[in-house]
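Take a look at the structure set out below.
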Amino acid sequence: MESKFNQGACSEFEALLEDHLTGDLSGADAKKLAEHLESCAACSSALEQAAPSVELLRTVPATADPGPGFSRVVMARIRAEMSKRGEQKSIWLPFISLAWRFAATATLALAVLVTFDAVRHSQYGPQTNLNYATVTETRDLFPDPSSPPANRDEVLMMVADTDHGKH
Amino acid sequence: MRLAQSGEEAAFEELIRRHQQRVFGLVNGILRRREDVEDVVQQVFLKVFISIKRFDLRAAFSTWLYKITVNECWDYLRKKKVRPLVYETDLSEEQVSRLDGVVSAERPPESPARRAETKDLLDQLLNELPERDRELLVLKEVEGFSVQELAEMLDLNVNTVKVRLFRVRARLMDVYHRRVGPQPNPSAVKGRSKTDGIEI
C-alpha cells in the first residue's frame with residue numbers, strides 16, 4: 001500500500017524537504033521551501049508524514065567500534081592469507097616451470113620445421129611439379145618408342161612413322 | 001598512506017584502526033545484524049591490502065574503501081542469496097505503545113533493555129522496506145554517513161540520494177501506521193530549518 005501522503009509531493013522540492021528534515025537547509029533554499037509549503041498542501045502532508053522517521057531512527061544505536069584488538073586480528077588474517085597464497089604459488093612453481101620449458105621447446109621445433117619446409121619448397125617445390133607435369137604431358141603425346149604399343153592408335157602411329165622414313 | 005602502499009604492515013594496521021568503525025557500520029548497515037559482519041569486514045581489509053598499490057593517492061582513501069566495502073557486501077548477499085526477513089505477525093499492544101512513545105514528543109527515558117527491544121521492533125519495520133532504500137536510510141540516519149559519502153560510494157547523484165531518502169522515510173512511516181496505528185502526535189513533526197522564524 002503506497003502512502004497517500006507522499007504521492008503528491010512535488011518532485012522538485014523533495015530534495016529540499018529531505019534537507020529540511022535533517023536540518024541541512026538554510027538561507028535562500030529554506031525561504032523558498034517555506035514559501036512553497038504555505039501554498040502546497042501535498043508537500044506539507046508529505047513532510048508531516050516523513051518527519052517522525054527522524055525520531056524513530058534516532059533510537060537505533062550506531063554500530064560500536066570493534067575495539068583495538070580488531071586490527072591485530074585482521075593483520076593476522078592478512079598474514080595467513082598471504083603466506084597461504086605464497087605456498088600455493090611455490091607448490092605449483094616446478095610444474096609451471098616445466099610447462100614453460102615444454103612450450104618453449106615445442107615452439108622452437110615447430111619454427112624449425114616450418115622454416116625447413118619453406119626453404120625446401122622455395123628450392124624444389126614448384127619446379128619439380130612443373131617438370132613432372134611436362135614429362136607426363138609429353139609421354140601422353142609421344143609414347144616411348146621402345147615400349148610395346150598400348151592400343152590400336154599407337155600401332156597406326158608406329159606404322160605411319162616407319163612409312164614416312166622410307167619415302 | 002605511502003608507507004602502507006609500500007607494504008609496511010604497521011602503517012596498514014594504523015589505517016585499519018582509523019577506518020574500522022566506519023567500515024563496520026557500513027557493513028552492518030547493509031547486512032544488518034548478520035553473524036558474518038566481522039568476516040566481511042576482514043575480507044574488505046584483505047582486499048584493500050592486496051590492491052592498495054593500485055590506489056591513486058590523489059583520490060580520497062575513504063571513498064575508495066567504502067566502494068570496496070559496498071561491493072563486498074553486495075557480493076556476500078548475492079552469494080548467500082539472502083532474502084530479507086519478513087515479519088508476518090502483528091505487533092502486540094505493548095510493542096505498539098512503545099513505538100508510539102518513540103515518535104511522540106513526550107518520550108520517557110528508556111532503559112538499555114527497553115531500547116534494545118525498541119530497536120528490534122524498528123528492525124521489523126525496516127525489514128518491510130525495499131533493500132536498497134533501507135540501506136540508504138540506515139547508513140544515513142543510524143550509521144551517520146553523509147549524503148555526499150552515500151552518493152560517492154553508491155555512484156549516485158547527491159540529489160537522487162536526498163529524494164530517495166525522503167521517499168523512504170515516508171514509506172517507513174507508512175509501514176509504521178499500518179502496523180502500529182494512526183498518525184502520531186503532530187507536535188513531534190516539526191521541521192529543523194536553520195532559518196530563524198521559519199517553523200514548519
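Ordered as shown in the C-alpha cells, chains take letters A, B, and onward, while each chain numbers its residues from 1 and ligands are numbered from 1 in the order shown.
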Legend entry - Interface residues on chain A facing chain B, 7 Å, only C-alpha atoms, written as number ranges by chain: A: 3, 6, 14-15, 18, 20-23, 25-27, 30, 34, 48-53, 55-66, 71, 74-75, 78
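Using only C-alpha atoms, the smallest distance between any of B:Gln5, B:Leu156, B:Tyr76, B:Ile30 and Val48 (chain B) comes from B:Gln5.
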Inset, instruction - Check region 48-110 of chain A with DSSP on the backbone and list each residue it calls alpha helix (DSSP H), as a VMD selection string. - result: chain A and resid 48 to 50 52 to 58 69 to 110
Using the selection just defined, write its residues with N, CA and C atoms as a compact mmCIF listing (two decimals), in the first residue's frame.
```txt
# COMPACT_ATOMS: atom_id res chain seq x y z
N GLU A 48 4.85 16.11 6.79
CA GLU A 48 4.25 15.66 8.04
C GLU A 48 4.36 14.14 8.17
N GLN A 49 4.20 13.49 7.03
CA GLN A 49 4.27 12.03 7.00
C GLN A 49 5.69 11.54 7.32
N ALA A 50 6.69 12.18 6.71
CA ALA A 50 8.07 11.68 6.80
C ALA A 50 8.78 12.09 8.09
N PRO A 52 8.36 12.13 11.44
CA PRO A 52 8.61 11.31 12.65
C PRO A 52 9.70 10.26 12.46
N SER A 53 10.05 9.97 11.22
CA SER A 53 11.10 8.96 10.98
C SER A 53 12.43 9.38 11.59
N VAL A 54 12.64 10.69 11.70
CA VAL A 54 13.90 11.18 12.27
C VAL A 54 14.01 10.70 13.71
N GLU A 55 12.94 10.91 14.49
CA GLU A 55 12.92 10.49 15.89
C GLU A 55 12.98 8.97 16.01
N LEU A 56 12.23 8.34 15.14
CA LEU A 56 12.13 6.89 15.18
C LEU A 56 13.50 6.25 14.98
N LEU A 57 14.24 6.75 14.01
CA LEU A 57 15.54 6.15 13.69
C LEU A 57 16.63 6.54 14.68
N ARG A 58 16.37 7.59 15.42
CA ARG A 58 17.36 8.03 16.40
C ARG A 58 17.52 7.01 17.52
N GLY A 69 41.66 -4.50 19.46
CA GLY A 69 42.19 -5.81 19.07
C GLY A 69 41.83 -6.22 17.65
N PHE A 70 40.84 -5.53 17.09
CA PHE A 70 40.34 -5.96 15.78
C PHE A 70 41.40 -5.83 14.68
N SER A 71 42.14 -4.73 14.72
CA SER A 71 43.14 -4.52 13.66
C SER A 71 44.21 -5.62 13.70
N ARG A 72 44.52 -6.08 14.93
CA ARG A 72 45.51 -7.16 15.05
C ARG A 72 44.96 -8.46 14.46
N VAL A 73 43.67 -8.69 14.70
CA VAL A 73 43.03 -9.91 14.15
C VAL A 73 43.07 -9.85 12.62
N VAL A 74 42.76 -8.67 12.09
CA VAL A 74 42.76 -8.51 10.62
C VAL A 74 44.16 -8.73 10.06
N MET A 75 45.16 -8.14 10.74
CA MET A 75 46.54 -8.30 10.25
C MET A 75 46.97 -9.76 10.29
N ALA A 76 46.55 -10.48 11.32
CA ALA A 76 46.89 -11.91 11.42
C ALA A 76 46.26 -12.67 10.25
N ARG A 77 45.02 -12.30 9.93
CA ARG A 77 44.35 -12.99 8.81
C ARG A 77 45.04 -12.65 7.49
N ILE A 78 45.44 -11.39 7.35
CA ILE A 78 46.13 -10.98 6.11
C ILE A 78 47.43 -11.76 5.96
N ARG A 79 48.19 -11.85 7.07
CA ARG A 79 49.47 -12.59 7.00
C ARG A 79 49.22 -14.06 6.63
N ALA A 80 48.22 -14.66 7.28
CA ALA A 80 47.91 -16.08 7.00
C ALA A 80 47.52 -16.26 5.53
N GLU A 81 46.69 -15.32 5.06
CA GLU A 81 46.21 -15.41 3.67
C GLU A 81 47.36 -15.25 2.68
N MET A 82 48.24 -14.29 2.97
CA MET A 82 49.35 -14.03 2.05
C MET A 82 50.33 -15.21 2.03
N SER A 83 50.58 -15.81 3.22
CA SER A 83 51.51 -16.94 3.23
C SER A 83 50.89 -18.15 2.54
N LYS A 84 49.57 -18.30 2.68
CA LYS A 84 48.87 -19.40 2.00
C LYS A 84 49.00 -19.24 0.49
N ARG A 85 48.83 -17.99 0.05
CA ARG A 85 48.96 -17.72 -1.39
C ARG A 85 50.37 -18.01 -1.87
N GLY A 86 51.35 -17.63 -1.01
CA GLY A 86 52.75 -17.88 -1.36
C GLY A 86 53.04 -19.36 -1.47
N GLU A 87 52.48 -20.14 -0.52
CA GLU A 87 52.67 -21.60 -0.54
C GLU A 87 52.03 -22.20 -1.78
N GLN A 88 50.85 -21.75 -2.08
CA GLN A 88 50.16 -22.28 -3.27
C GLN A 88 51.00 -22.03 -4.51
N LYS A 89 51.59 -20.83 -4.55
CA LYS A 89 52.45 -20.49 -5.69
C LYS A 89 53.64 -21.44 -5.74
N SER A 90 54.29 -21.67 -4.56
CA SER A 90 55.52 -22.48 -4.56
C SER A 90 55.25 -23.94 -4.88
N ILE A 91 54.05 -24.44 -4.55
CA ILE A 91 53.70 -25.84 -4.88
C ILE A 91 53.63 -26.01 -6.39
N TRP A 92 53.05 -25.05 -7.05
CA TRP A 92 52.84 -25.16 -8.50
C TRP A 92 54.04 -24.70 -9.32
N LEU A 93 54.98 -24.04 -8.63
CA LEU A 93 56.10 -23.43 -9.36
C LEU A 93 56.87 -24.42 -10.25
N PRO A 94 57.30 -25.65 -9.74
CA PRO A 94 58.03 -26.58 -10.62
C PRO A 94 57.22 -27.00 -11.83
N PHE A 95 55.91 -27.22 -11.64
CA PHE A 95 55.06 -27.63 -12.76
C PHE A 95 54.95 -26.52 -13.80
N ILE A 96 54.81 -25.31 -13.28
CA ILE A 96 54.68 -24.16 -14.19
C ILE A 96 55.97 -24.02 -15.00
N SER A 97 57.11 -24.16 -14.32
CA SER A 97 58.41 -24.03 -14.98
C SER A 97 58.58 -25.10 -16.06
N LEU A 98 58.18 -26.35 -15.71
CA LEU A 98 58.27 -27.46 -16.66
C LEU A 98 57.38 -27.21 -17.88
N ALA A 99 56.18 -26.72 -17.59
CA ALA A 99 55.23 -26.45 -18.68
C ALA A 99 55.79 -25.39 -19.62
N TRP A 100 56.43 -24.38 -19.04
CA TRP A 100 57.03 -23.33 -19.87
C TRP A 100 58.14 -23.90 -20.75
N ARG A 101 58.94 -24.79 -20.16
CA ARG A 101 60.05 -25.39 -20.94
C ARG A 101 59.49 -26.21 -22.10
N PHE A 102 58.45 -26.99 -21.81
CA PHE A 102 57.81 -27.78 -22.87
C PHE A 102 57.30 -26.87 -23.98
N ALA A 103 56.65 -25.83 -23.57
CA ALA A 103 56.05 -24.91 -24.53
C ALA A 103 57.14 -24.28 -25.40
N ALA A 104 58.25 -23.88 -24.75
CA ALA A 104 59.35 -23.24 -25.48
C ALA A 104 59.97 -24.22 -26.48
N THR A 105 60.20 -25.47 -26.04
CA THR A 105 60.80 -26.48 -26.93
C THR A 105 59.88 -26.76 -28.12
N ALA A 106 58.60 -26.92 -27.83
CA ALA A 106 57.63 -27.21 -28.90
C ALA A 106 57.60 -26.07 -29.91
N THR A 107 57.64 -24.85 -29.43
CA THR A 107 57.61 -23.68 -30.31
C THR A 107 58.85 -23.66 -31.21
N LEU A 108 60.00 -23.96 -30.59
CA LEU A 108 61.26 -23.95 -31.33
C LEU A 108 61.24 -25.03 -32.42
N ALA A 109 60.78 -26.24 -32.04
CA ALA A 109 60.71 -27.34 -33.00
C ALA A 109 59.78 -27.00 -34.16
N LEU A 110 58.67 -26.40 -33.84
CA LEU A 110 57.70 -26.01 -34.86
C LEU A 110 58.30 -24.98 -35.81
```
